[in-house]
Structure formats: C-alpha cells, structure tokens
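K.L.:
File coords-v4.txt follows (compact mmCIF, C-alpha atoms and all ligand atoms):
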# COMPACT_ATOMS: atom_id res chain seq x y z
CA MET H 1 -95.00 -65.69 -76.14
CA SER H 2 -91.72 -65.57 -78.09
CA ASP H 3 -88.47 -66.64 -76.45
CA ARG H 4 -87.41 -63.02 -76.34
CA ASP H 5 -90.68 -61.91 -74.71
CA SER H 6 -90.50 -64.66 -72.10
CA SER H 7 -86.88 -63.81 -71.37
CA THR H 8 -87.83 -60.12 -70.94
CA ALA H 9 -90.73 -61.12 -68.68
CA ARG H 10 -88.35 -63.26 -66.61
CA GLN H 11 -85.89 -60.40 -66.29
CA GLY H 12 -88.74 -58.12 -65.19
CA MET H 13 -89.80 -60.62 -62.52
CA PHE H 14 -86.25 -60.97 -61.27
CA ALA H 15 -85.89 -57.18 -61.07
CA ARG H 16 -89.05 -56.98 -58.94
CA LEU H 17 -87.84 -59.80 -56.73
CA LYS H 18 -84.48 -58.10 -56.31
CA ALA H 19 -86.08 -54.75 -55.50
CA GLY H 20 -88.39 -56.51 -53.03
CA LEU H 21 -85.53 -58.28 -51.29
CA ALA H 22 -83.32 -55.18 -51.19
CA ARG H 23 -83.66 -54.61 -47.45
CA THR H 24 -82.64 -58.14 -46.51
CA ALA H 25 -79.88 -58.09 -49.13
CA THR H 26 -78.50 -54.85 -47.70
CA GLN H 27 -78.66 -56.30 -44.21
CA LEU H 28 -76.83 -59.39 -45.37
CA THR H 29 -74.11 -57.93 -47.57
CA GLY H 30 -73.78 -54.80 -45.40
CA GLY H 31 -72.89 -57.16 -42.56
CA LEU H 32 -70.35 -58.79 -44.84
CA ASN H 33 -68.31 -55.68 -45.47
CA ASP H 34 -65.53 -56.82 -43.16
CA VAL H 35 -65.41 -60.16 -44.92
CA LEU H 36 -65.39 -58.57 -48.32
CA MET H 37 -62.39 -56.42 -47.39
CA LYS H 38 -60.42 -59.41 -46.17
CA MET H 39 -60.66 -61.65 -49.20
CA ARG H 40 -59.56 -64.78 -47.38
CA LEU H 41 -62.05 -67.40 -46.32
CA ASP H 42 -60.80 -68.22 -42.81
CA GLU H 43 -62.41 -68.73 -39.38
CA ASP H 44 -62.82 -65.00 -38.76
CA THR H 45 -64.45 -64.49 -42.11
CA LEU H 46 -66.85 -67.36 -41.58
CA ARG H 47 -67.81 -66.00 -38.15
CA THR H 48 -68.59 -62.61 -39.69
CA LEU H 49 -70.62 -64.36 -42.37
CA GLU H 50 -72.50 -66.29 -39.69
CA ASP H 51 -73.32 -63.07 -37.81
CA ALA H 52 -74.61 -61.44 -41.00
CA LEU H 53 -76.83 -64.47 -41.66
CA ILE H 54 -78.20 -64.31 -38.11
CA ARG H 55 -79.07 -60.65 -38.62
CA ALA H 56 -80.97 -61.59 -41.79
CA ASP H 57 -83.04 -63.90 -39.52
CA LEU H 58 -81.89 -67.36 -40.53
CA GLY H 59 -81.72 -68.35 -36.88
CA THR H 60 -78.46 -69.19 -35.12
CA ALA H 61 -78.27 -72.93 -35.86
CA LEU H 62 -78.97 -72.56 -39.57
CA ALA H 63 -76.68 -69.52 -39.91
CA HIS H 64 -73.91 -71.71 -38.50
CA GLU H 65 -74.71 -74.54 -40.92
CA VAL H 66 -74.77 -72.25 -43.95
CA ALA H 67 -71.51 -70.54 -43.00
CA ALA H 68 -69.90 -73.97 -42.44
CA ASP H 69 -71.13 -75.10 -45.86
CA VAL H 70 -69.60 -72.00 -47.48
CA GLY H 71 -66.39 -72.80 -45.56
CA THR H 72 -66.12 -76.26 -47.10
CA LYS H 73 -65.80 -74.76 -50.54
CA ARG H 74 -62.86 -72.37 -50.57
CA TYR H 75 -61.45 -72.64 -47.07
CA ASP H 76 -58.34 -70.54 -46.42
CA MET H 77 -58.17 -69.43 -50.01
CA GLU H 78 -58.23 -65.97 -51.52
CA ILE H 79 -61.76 -65.15 -52.59
CA SER H 80 -63.17 -62.03 -54.23
CA ALA H 81 -66.35 -60.41 -52.98
CA HIS H 82 -68.12 -61.56 -56.11
CA GLU H 83 -66.94 -65.16 -55.68
CA LEU H 84 -68.02 -65.17 -52.06
CA LYS H 85 -71.50 -63.99 -53.02
CA LYS H 86 -71.71 -66.72 -55.64
CA VAL H 87 -70.61 -69.41 -53.20
CA LEU H 88 -73.08 -68.13 -50.61
CA ALA H 89 -75.90 -68.08 -53.20
CA GLU H 90 -75.12 -71.71 -54.10
CA SER H 91 -75.27 -72.72 -50.45
CA ILE H 92 -78.53 -70.90 -49.84
CA THR H 93 -80.04 -72.47 -52.99
CA LYS H 94 -79.07 -75.88 -51.64
CA PHE H 95 -80.69 -75.21 -48.27
CA LEU H 96 -83.87 -74.05 -50.03
CA GLN H 97 -84.22 -77.19 -52.17
CA PRO H 98 -86.62 -79.05 -49.82
CA SER H 99 -89.18 -76.31 -50.41
CA VAL H 100 -88.98 -76.12 -54.18
CA LYS H 101 -92.19 -77.37 -55.70
CA GLU H 102 -94.39 -75.93 -58.40
CA PHE H 103 -97.98 -75.11 -57.47
CA VAL H 104 -99.97 -77.41 -59.73
CA ILE H 105 -103.72 -77.27 -60.22
CA ASP H 106 -104.86 -80.84 -60.79
CA PRO H 107 -107.34 -80.72 -63.68
CA ALA H 108 -108.93 -83.94 -62.42
CA CYS H 109 -110.30 -81.97 -59.45
CA LYS H 110 -113.17 -79.84 -60.70
CA PRO H 111 -112.82 -77.48 -59.04
CA PHE H 112 -109.41 -77.72 -57.40
CA VAL H 113 -110.19 -76.38 -53.93
CA VAL H 114 -107.58 -74.21 -52.23
CA LEU H 115 -108.10 -73.33 -48.57
CA VAL H 116 -106.06 -70.32 -47.49
CA ALA H 117 -105.19 -69.90 -43.81
CA GLY H 118 -103.04 -67.65 -41.65
CA VAL H 119 -103.15 -65.30 -38.67
CA ASN H 120 -104.67 -61.87 -39.14
CA GLY H 121 -102.99 -59.42 -41.44
CA THR H 122 -100.51 -61.82 -43.04
CA GLY H 123 -101.91 -61.19 -46.52
CA LYS H 124 -104.44 -64.00 -47.08
CA THR H 125 -107.10 -61.98 -48.86
CA THR H 126 -104.56 -60.10 -50.97
CA THR H 127 -102.80 -63.34 -51.90
CA ILE H 128 -106.10 -64.93 -52.95
CA GLY H 129 -106.92 -61.86 -55.06
CA LYS H 130 -103.52 -61.92 -56.75
CA LEU H 131 -103.68 -65.67 -57.29
CA ALA H 132 -107.18 -65.42 -58.75
CA ALA H 133 -105.99 -62.74 -61.18
CA ARG H 134 -102.97 -64.82 -62.15
CA LEU H 135 -104.97 -68.02 -62.70
CA ALA H 136 -107.74 -66.20 -64.58
CA ALA H 137 -105.13 -64.60 -66.84
CA ASP H 138 -103.90 -68.15 -67.56
CA GLY H 139 -107.38 -68.95 -68.86
CA ARG H 140 -108.68 -70.81 -65.81
CA LYS H 141 -112.24 -70.51 -64.59
CA VAL H 142 -111.72 -69.26 -61.05
CA TRP H 143 -114.11 -68.75 -58.13
CA MET H 144 -113.40 -67.15 -54.78
CA ALA H 145 -115.27 -67.73 -51.52
CA ALA H 146 -115.40 -65.01 -48.85
CA GLY H 147 -114.91 -67.39 -45.94
CA ASP H 148 -113.80 -64.63 -43.58
CA THR H 149 -117.33 -63.93 -42.41
CA PHE H 150 -116.02 -62.41 -39.20
CA ARG H 151 -115.34 -58.97 -40.69
CA ALA H 152 -117.59 -57.14 -43.17
CA ALA H 153 -114.58 -55.35 -44.65
CA ALA H 154 -112.98 -58.68 -45.56
CA ILE H 155 -115.94 -59.59 -47.77
CA ASP H 156 -115.81 -56.21 -49.55
CA GLN H 157 -112.04 -56.51 -49.96
CA LEU H 158 -112.42 -59.84 -51.76
CA LYS H 159 -115.23 -58.47 -53.94
CA ILE H 160 -112.95 -55.65 -55.10
CA TRP H 161 -110.32 -58.21 -56.15
CA GLY H 162 -113.09 -60.18 -57.88
CA GLU H 163 -114.21 -57.15 -59.88
CA ARG H 164 -110.65 -56.34 -60.90
CA ALA H 165 -109.89 -59.88 -62.06
CA HIS H 166 -113.43 -60.59 -63.37
CA VAL H 167 -113.67 -63.52 -61.00
CA PRO H 168 -116.97 -64.33 -59.23
CA VAL H 169 -116.98 -64.14 -55.43
CA PHE H 170 -119.29 -66.34 -53.38
CA ALA H 171 -120.23 -64.30 -50.30
CA ARG H 172 -122.81 -64.11 -47.53
CA GLU H 173 -123.64 -61.50 -44.93
CA PRO H 174 -121.12 -60.91 -42.10
CA GLY H 175 -121.57 -63.35 -39.24
CA ALA H 176 -122.70 -66.23 -41.50
CA ASP H 177 -121.30 -69.68 -40.74
CA ALA H 178 -117.98 -69.96 -42.58
CA ALA H 179 -118.12 -73.74 -43.04
CA ALA H 180 -121.64 -73.62 -44.46
CA LEU H 181 -120.50 -70.87 -46.81
CA ALA H 182 -117.50 -72.92 -47.95
CA PHE H 183 -119.75 -75.94 -48.58
CA ASP H 184 -122.23 -73.92 -50.65
CA ALA H 185 -119.43 -72.16 -52.55
CA PHE H 186 -117.90 -75.53 -53.43
CA ALA H 187 -121.26 -76.92 -54.63
CA GLU H 188 -121.91 -73.78 -56.69
CA ALA H 189 -118.41 -73.59 -58.19
CA ARG H 190 -118.68 -77.27 -59.11
CA ALA H 191 -122.11 -76.76 -60.71
CA GLN H 192 -120.69 -73.86 -62.71
CA GLY H 193 -117.77 -75.95 -63.99
CA ALA H 194 -115.07 -73.95 -62.21
CA ASP H 195 -111.44 -75.08 -62.43
CA VAL H 196 -110.31 -73.54 -59.15
CA LEU H 197 -112.01 -72.39 -55.95
CA LEU H 198 -109.98 -70.19 -53.59
CA ILE H 199 -111.41 -70.01 -50.08
CA ASP H 200 -110.51 -67.07 -47.83
CA THR H 201 -110.66 -67.57 -44.07
CA ALA H 202 -110.67 -65.39 -40.98
CA GLY H 203 -107.34 -64.58 -39.38
CA ARG H 204 -108.76 -63.39 -36.14
CA LEU H 205 -111.54 -65.03 -34.17
CA HIS H 206 -112.30 -64.83 -30.47
CA ASN H 207 -109.26 -66.96 -29.74
CA LYS H 208 -106.71 -69.27 -31.35
CA ALA H 209 -108.62 -72.45 -30.49
CA GLY H 210 -111.73 -71.01 -32.15
CA LEU H 211 -109.76 -70.16 -35.27
CA MET H 212 -108.29 -73.64 -35.59
CA ALA H 213 -111.67 -75.29 -34.89
CA GLU H 214 -113.27 -73.23 -37.65
CA LEU H 215 -110.56 -74.22 -40.15
CA GLN H 216 -111.00 -77.87 -39.26
CA LYS H 217 -114.76 -77.55 -39.67
CA ILE H 218 -114.35 -75.96 -43.11
CA ALA H 219 -111.99 -78.76 -44.19
CA ARG H 220 -114.44 -81.36 -42.85
CA VAL H 221 -117.52 -80.08 -44.65
CA LEU H 222 -115.67 -79.76 -47.96
CA LYS H 223 -115.03 -83.52 -47.73
CA LYS H 224 -118.75 -84.17 -47.78
CA ILE H 225 -118.72 -83.08 -51.42
CA ASP H 226 -115.33 -84.54 -52.35
CA PRO H 227 -113.37 -86.64 -49.83
CA SER H 228 -110.09 -85.47 -51.39
CA ALA H 229 -110.90 -81.77 -50.75
CA PRO H 230 -109.43 -79.36 -49.87
CA HIS H 231 -106.86 -80.19 -52.53
CA ALA H 232 -104.43 -77.59 -51.23
CA VAL H 233 -104.16 -75.88 -47.85
CA LEU H 234 -101.90 -72.87 -48.01
CA LEU H 235 -100.57 -71.08 -44.96
CA VAL H 236 -99.83 -67.41 -45.58
CA LEU H 237 -96.95 -66.00 -43.52
CA ASP H 238 -95.82 -62.40 -43.16
CA ALA H 239 -92.04 -62.13 -43.54
CA THR H 240 -91.93 -59.06 -41.28
CA THR H 241 -92.78 -61.26 -38.29
CA GLY H 242 -89.42 -63.01 -38.62
CA GLN H 243 -88.84 -66.08 -36.46
CA ASN H 244 -92.44 -65.96 -35.16
CA ALA H 245 -93.44 -67.50 -38.50
CA ILE H 246 -92.00 -70.77 -37.22
CA SER H 247 -94.49 -71.02 -34.35
CA GLN H 248 -97.30 -70.11 -36.75
CA VAL H 249 -96.42 -73.07 -38.99
CA GLU H 250 -96.27 -75.34 -35.93
CA ALA H 251 -99.71 -74.23 -34.73
CA PHE H 252 -101.46 -74.48 -38.10
CA LYS H 253 -99.93 -77.76 -39.19
CA ASP H 254 -101.22 -79.37 -36.02
CA ALA H 255 -104.74 -78.23 -36.90
CA VAL H 256 -104.97 -78.80 -40.67
CA PRO H 257 -102.81 -80.73 -43.15
CA LEU H 258 -100.85 -77.90 -44.75
CA THR H 259 -99.71 -78.56 -48.30
CA GLY H 260 -97.60 -75.44 -48.73
CA LEU H 261 -96.62 -71.94 -47.70
CA VAL H 262 -96.84 -68.45 -49.14
CA MET H 263 -94.52 -65.80 -47.74
CA THR H 264 -95.70 -62.21 -48.16
CA LYS H 265 -94.21 -58.76 -47.47
CA LEU H 266 -90.62 -59.73 -48.18
CA ASP H 267 -90.33 -56.17 -49.49
CA GLY H 268 -91.09 -54.74 -46.06
CA THR H 269 -88.36 -56.40 -44.04
CA ALA H 270 -84.67 -57.03 -43.57
CA LYS H 271 -85.59 -60.43 -42.10
CA GLY H 272 -86.22 -62.27 -45.38
CA GLY H 273 -83.78 -64.97 -44.29
CA ILE H 274 -86.69 -66.44 -42.31
CA LEU H 275 -87.78 -68.07 -45.56
CA ILE H 276 -84.57 -70.13 -45.60
CA ALA H 277 -85.15 -71.12 -41.98
CA LEU H 278 -88.68 -72.29 -42.81
CA ALA H 279 -87.53 -74.32 -45.82
CA HIS H 280 -84.85 -75.99 -43.73
CA ARG H 281 -87.05 -76.67 -40.76
CA PHE H 282 -90.29 -77.90 -42.34
CA GLY H 283 -89.46 -78.80 -45.94
CA LEU H 284 -92.97 -77.70 -46.88
CA PRO H 285 -93.27 -76.36 -50.41
CA ILE H 286 -93.01 -72.56 -50.60
CA TYR H 287 -95.25 -71.93 -53.56
CA PHE H 288 -95.27 -68.14 -53.80
CA VAL H 289 -93.49 -65.10 -52.42
CA GLY H 290 -94.98 -61.61 -52.13
CA VAL H 291 -92.66 -58.70 -52.80
CA GLY H 292 -95.15 -55.84 -53.09
CA GLU H 293 -98.79 -54.91 -53.33
CA THR H 294 -99.56 -55.40 -57.04
CA VAL H 295 -100.65 -58.58 -58.82
CA SER H 296 -97.25 -59.11 -60.41
CA ASP H 297 -95.61 -58.88 -56.98
CA LEU H 298 -96.85 -62.36 -56.10
CA GLN H 299 -94.29 -64.62 -57.74
CA PRO H 300 -93.83 -68.36 -57.95
CA PHE H 301 -90.94 -69.17 -55.64
CA ASP H 302 -87.66 -69.86 -57.43
CA ALA H 303 -84.84 -70.91 -55.09
CA LYS H 304 -81.97 -69.88 -57.34
CA ASP H 305 -83.47 -66.48 -58.15
CA PHE H 306 -84.22 -65.90 -54.47
CA ALA H 307 -80.67 -66.75 -53.39
CA THR H 308 -79.16 -64.71 -56.21
CA ALA H 309 -81.26 -61.64 -55.42
CA LEU H 310 -80.54 -61.97 -51.71
CA THR H 311 -76.77 -62.16 -52.08
CA GLY H 312 -76.30 -59.88 -55.10
CA ALA H 313 -74.48 -62.74 -56.87
CA ASP H 314 -75.85 -61.44 -60.17
CA GLU H 315 -74.00 -58.13 -59.87
CA PRO H 316 -70.89 -57.79 -62.00
CA GLU H 317 -67.55 -58.04 -60.24
CA LYS H 318 -66.22 -54.69 -59.10
CA PRO H 319 -62.49 -54.06 -59.54
CA SER H 320 -60.77 -55.06 -56.30
CA ILE H 321 -59.21 -52.36 -54.14
CA GLY H 322 -55.80 -53.81 -54.95
CA ALA H 323 -56.31 -53.16 -58.64
CA TRP H 324 -56.33 -49.42 -57.95
CA ARG H 325 -53.04 -49.37 -56.09
CA PHE H 326 -50.01 -47.91 -57.84
N1 LIG V 1 -95.75 -54.64 -49.13
C1 LIG V 1 -96.52 -55.73 -49.20
N2 LIG V 1 -97.74 -55.68 -48.68
C2 LIG V 1 -98.51 -56.78 -48.75
C3 LIG V 1 -98.06 -57.98 -49.37
N3 LIG V 1 -99.05 -58.89 -49.25
C4 LIG V 1 -100.07 -58.29 -48.61
N4 LIG V 1 -99.75 -57.01 -48.28
C5 LIG V 1 -100.57 -56.01 -47.55
O1 LIG V 1 -100.82 -56.49 -46.25
C6 LIG V 1 -102.04 -55.96 -45.76
C7 LIG V 1 -102.89 -57.08 -45.17
O2 LIG V 1 -103.27 -57.94 -46.21
P1 LIG V 1 -104.62 -58.79 -46.18
O3 LIG V 1 -104.64 -59.56 -47.45
O4 LIG V 1 -105.78 -57.95 -45.85
O5 LIG V 1 -104.30 -59.76 -44.98
P2 LIG V 1 -105.24 -60.87 -44.34
O6 LIG V 1 -104.37 -61.99 -43.93
O7 LIG V 1 -106.34 -61.18 -45.26
O8 LIG V 1 -105.77 -60.11 -43.06
P3 LIG V 1 -107.06 -60.48 -42.14
O9 LIG V 1 -108.20 -60.69 -43.07
O10 LIG V 1 -107.23 -59.28 -41.26
O11 LIG V 1 -106.71 -61.69 -41.38
C8 LIG V 1 -102.70 -55.27 -46.94
O12 LIG V 1 -102.50 -53.89 -46.81
C9 LIG V 1 -101.93 -55.80 -48.15
O13 LIG V 1 -101.89 -54.90 -49.22
C10 LIG V 1 -96.73 -58.00 -49.92
O14 LIG V 1 -96.21 -58.99 -50.45
N5 LIG V 1 -96.01 -56.84 -49.80
MG MG V 2 -108.37 -61.15 -45.01
The structure in this file should be written as structure tokens.
P.N.:
Amino acid sequence: MSDRDSSTARQGMFARLKAGLARTATQLTGGLNDVLMKMRLDEDTLRTLEDALIRADLGTALAHEVAADVGTKRYDMEISAHELKKVLAESITKFLQPSVKEFVIDPACKPFVVLVAGVNGTGKTTTIGKLAARLAADGRKVWMAAGDTFRAAAIDQLKIWGERAHVPVFAREPGADAAALAFDAFAEARAQGADVLLIDTAGRLHNKAGLMAELQKIARVLKKIDPSAPHAVLLVLDATTGQNAISQVEAFKDAVPLTGLVMTKLDGTAKGGILIALAHRFGLPIYFVGVGETVSDLQPFDAKDFATALTGADEPEKPSIGAWRF
C-alpha cells in the first residue's frame, strides 16, 4: 500500500469511528454548550464539564478526575471552544493509556488460540466473524470453532461468517459438549497448520455459574494440548449497557484470566464514555472497538483517535461569537 493509500485508509477509518461515536460526542459537547459560551475555565465551567462527562457515562469519580485534570491546564484563563476540546481530548487520551495495547498474534503459537467470552447479545459471534475476515485478509490461516452449542442459530450464524470470509468453521450439532468441541477444534486446526483459532462461546446458559463453569472447562481442556492455551481470552462488552459493563468484567475476570476487551455497539449509544471508565478501572487492553455492523466497523482501538472523535477536537475552529460583533 502506498503512503497515500494508507493515509486515505486511515482517514476512512477515522470517519467511520467518528460517525460511530456521534451520539456520545453529541451528548458530551451538547452538554458543554454553557461552557463553550463562557470561554473562561473556572470552577463553574469545570462543574459543567464534569456533568457532561457523567452524562456520557464516565462515572462520577472519573468524571471529576478528568475535569480536574483539564482544570490544571488552563485554569482561569480565556479558552476557545476549540482549545477546550483539544485539552479535553488530551486528558481523555491520557486516561485511556493503560488500555492501549496492540492485539498481537504470536507466530510461535500454532495456532494462536483466542477464546471469546461475554454475556448474551454483546456481539461475540459477530466480533469473531469480523476478526476472522480481518485476519484472513492479512493472509493468516484462520479457523473458527462454534463453541456456542447451546443455540442452533449461533452455529449457523458463525457458518455464514465463515462462508463470507472463506474461513473454515469447526462445528457440531446443537447440544454437543462445548469443551470437547473446543478440544477437537484445536487438535484439527493444529493438524491443518492454522495460524489462529477463534473460539465462540455461549452467552446464555441455564445460569451464570453454569456459564462460568463452562468457560473454565473450555480453558482447561485446551491446556491438555498446549499448556499455554488459550493464548488470548477476550471479553466482549456491549457499550449500550453502560456502567453494567463494569460488573461484567468483574464477574468474568474472576472466572477466567482475561487478556483483553472488545467494546461493541459504540454506534448505538450516547454512553460511549464507559470505555474510558473501563480503561481507568481495570487497565486491561482494549483491543478492538465496534462502531457498526460491517467488517470494517471493527477497528483496532486507538486512544488518540477515540478521544479526538469523541470531543470533536479535529473540527476546525469556528469564528467566536465576539468576532461577529460590530
Ligand atoms: N450497531 C452495531 N451492532 C453490532 C455491533 N457488534 C455486534 N452488533 C450486533 O449485535 C447483535 C448481537 O450480536 P452477536 O454477535 O449475535 O452477539 P453474541 O454475543 O454472539 O450473542 P449470543 O450468541 O446470543 O450470546 C447482532 O445483531 C450484531 O449485528 C456493533 O459494533 N455495532
Ligand atoms: Mg453468539
């Protein structure tokens, strides 16, 4: 890809991210209107900023911390709307840093086994499909395992993604033992020289304890083939659930050693600030964000792009109201 092509591709990705985050961005900057009229960064302004951050679902404690951080920069000084957005974007980027980590497939693991977990409907199967398509397009030999044996539709859903991306799907009949399936899929993918194996799991079982026990069993049997497997355990979270995502991380990380998060459906919510809360609270890598239903809507997480899109810091400065006065 030429420099120009890659720069165009990057711009396209940013545009999708920005479109996806529009609802949270509107919530955030809409709530800042009073601040933006005032143009002085004082206590009142910071309180308004804090309220806007709370509405974007950062949580009260973190909203306070972020507003205070913004306050340390230009306190009691004149500030334009554009400058404020830039300062806010810098602060948010800083708070996101603990979660910045590239998703790397270790070529020494053949295949690199990725276990994908999450409560029902968060976007596990879709994320696996998108990830498979992305990795296959990069020239990797990918396999998927239909480990959600609880629902027949889940198996078909994964097969459709497999056909689209030309990626084989290891599946059994509904009701089959998920751990046994994962074990066999791993053995088969290894025999076939696969680079990556993505394992889907059920989001809904009879109860939460059953769900966690099944995940643990899958992780345990994979170790019989390779003690270092699964090489990644991703928790998929739905941004529309807001602060509830925090208790989901708590519950899953007690059951299996999570290596990172994926946050989907950022396009469907004004609560996208939850991602900042998660980064701050857990410091787990956020590998990907979902901002729509198509393959290119699953993007590697980029803290600076995320903060810029959320605050509108990329938008050119508008002439201030004062400039129009005669
Ligand atoms: N708008 C939007 N929709 C998404 C995104 N990610 C997933 N979805 C949709 O969310 C719905 C649920 O996705 P699934 O992948 O089936 O979720 P799941 O976690 O596998 O669900 P269960 O198998 O029932 O546990 C589907 O309609 C997806 O198209 C996203 O980033 N944006
Ligand atoms: Mg599913």
K.L.:
At what distance in Å, to one decimal, does CA of Ala22 (chain H) lie from CA of Lys124 (chain H)?
P.N.:
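Interatomic distance, CA of Lys124 (chain H) to CA of Ala22 (chain H): 23.3 Å.
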K.L.:
Would you mind reading off the distance between CA of Ala185 (chain H) and CA of Ala145 (chain H), one decimal, in Å?
P.N.:
6.2 Å
K.L.:
Neighbours of ligand LIG 1 (chain V) within 8 Å, counting only C-alpha atoms and all ligand atoms, as a PyMOL selection string?
P.N.:
chain H and resi 117-128+148+151+154+157+200-204+236+238+263-268+289-293+297-298
K.L.:
How would you write as a PyMOL selection string the residues that get within 6 Å of (-110.2, -64.9, -56.7) in the file's frame, counting only C-alpha atoms?
P.N.:
chain H and resi 128-129+132+143-144+162+167
K.L.:
Quick one: of H:Ala191, H:Val142, H:Ala178, H:Ala255, who's nearest to Phe112 (chain H), counting all atoms listed in the file?
P.N.:
H:Val142
K.L.:
Could you please give me, as number ranges by chain, the residues of protein, DNA or RNA lying at most 9 Å from (-82.6, -59.7, -61.6) in the coordinate frame of the file, considering all atoms listed in the file?
P.N.:
H: 10-19, 305, 308-309, 314-315
K.L.:
Counting all atoms listed in the file, what is within 10 Å of Asp226 (chain H), bar same-chain residues fewer than 6 positions away, as a PyMOL selection string?
P.N.:
chain H and resi 109-110+113+186-187
K.L.:
Which residue out of H:Lys223, H:Ala270, H:Pro285, H:Pro230 has the minimum interatomic distance to Thr26 (chain H) when all atoms listed in the file are used?
P.N.:
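Looking at the shortest contact to Thr26 (chain H), the residue is H:Ala270.
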K.L.:
Using all atoms listed in the file for the distances, tell me which of H:Ala303, H:Ala180, H:Val169, H:Val262 is nearest to Pro98 (chain H).
P.N.:
H:Ala303
K.L.:
If I take CA of Pro257 (chain H) and CA of Ala194 (chain H), how far is one from the other in Å, to one decimal?
P.N.:
23.7 Å
K.L.:
Neighbours of Thr241 (chain H) within 9 Å (all atoms listed in the file; same-chain residues fewer than 5 positions away dropped), as an mmCIF file with C-alpha atoms, in the coordinates of the input?
P.N.:
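Saved result, selection-v2.cif, follows:
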data_model
loop_
_atom_site.group_PDB
_atom_site.id
_atom_site.type_symbol
_atom_site.label_atom_id
_atom_site.label_comp_id
_atom_site.auth_asym_id
_atom_site.auth_seq_id
_atom_site.Cartn_x
_atom_site.Cartn_y
_atom_site.Cartn_z
ATOM 1 C CA THR H 269 -88.360 -56.400 -44.040
ATOM 2 C CA LYS H 271 -85.590 -60.430 -42.100
ATOM 3 C CA ILE H 274 -86.690 -66.440 -42.310
#
K.L.:
Using all atoms listed in the file, pick whichever of H:Ala189, H:Val295, H:Ala25, H:Asp156 has the shortest atom-to-atom distance to Leu135 (chain H).
P.N.:
H:Val295
K.L.:
Check the smallest atom-to-atom distance from each of H:Leu28, H:Val116, H:Val233, H:Ala213 to ligand MG 2 (chain V) using all atoms listed in the file, then report the winner.
P.N.:
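Checking each candidate against ligand MG 2 (chain V), we get H:Val116 as the closest.
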K.L.:
Would you kindly return, as a count of residues only, each protein, DNA or RNA residue with an atom no farther than 8 Å from any atom of Phe252 (chain H), considering all atoms listed in the file and excluding same-chain residues fewer than 6 positions away?
P.N.:
4
K.L.:
Measuring atom to atom with all atoms listed in the file, identify which of H:Lys159, H:Val70, H:Lys85, H:Thr45 is nearest to ligand MG 2 (chain V).
P.N.:
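Selected residue with least distance to ligand MG 2 (chain V): H:Lys159.
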K.L.:
With 5 Å of padding per side, what axis-aligned box (centre and edge lengths, Å, one decimal) covers all the listed atoms of region 45-59 of chain H? Give it as JSON.
P.N.:
{"center_x": -73.7, "center_y": -64.5, "center_z": -39.6, "size_x": 28.6, "size_y": 17.7, "size_z": 15.5}
K.L.:
Show which residues sit within 8 Å of Ala182 (chain H), as a compact mmCIF listing (two decimals) with C-alpha atoms, in the frame of the given file. Count all atoms listed in the file, and ignore same-chain residues fewer than 5 positions away.
P.N.:
# COMPACT_ATOMS: atom_id res chain seq x y z
CA ALA H 145 -115.27 -67.73 -51.52
CA GLY H 147 -114.91 -67.39 -45.94
CA ILE H 199 -111.41 -70.01 -50.08
CA ILE H 218 -114.35 -75.96 -43.11
CA VAL H 221 -117.52 -80.08 -44.65
CA LEU H 222 -115.67 -79.76 -47.96
K.L.:
Near Glu78 (chain H), within 7 Å and counting all atoms listed in the file, which residues show up once chain neighbours fewer than 3 positions away are dropped, as a PyMOL selection string?
P.N.:
chain H and resi 39-41
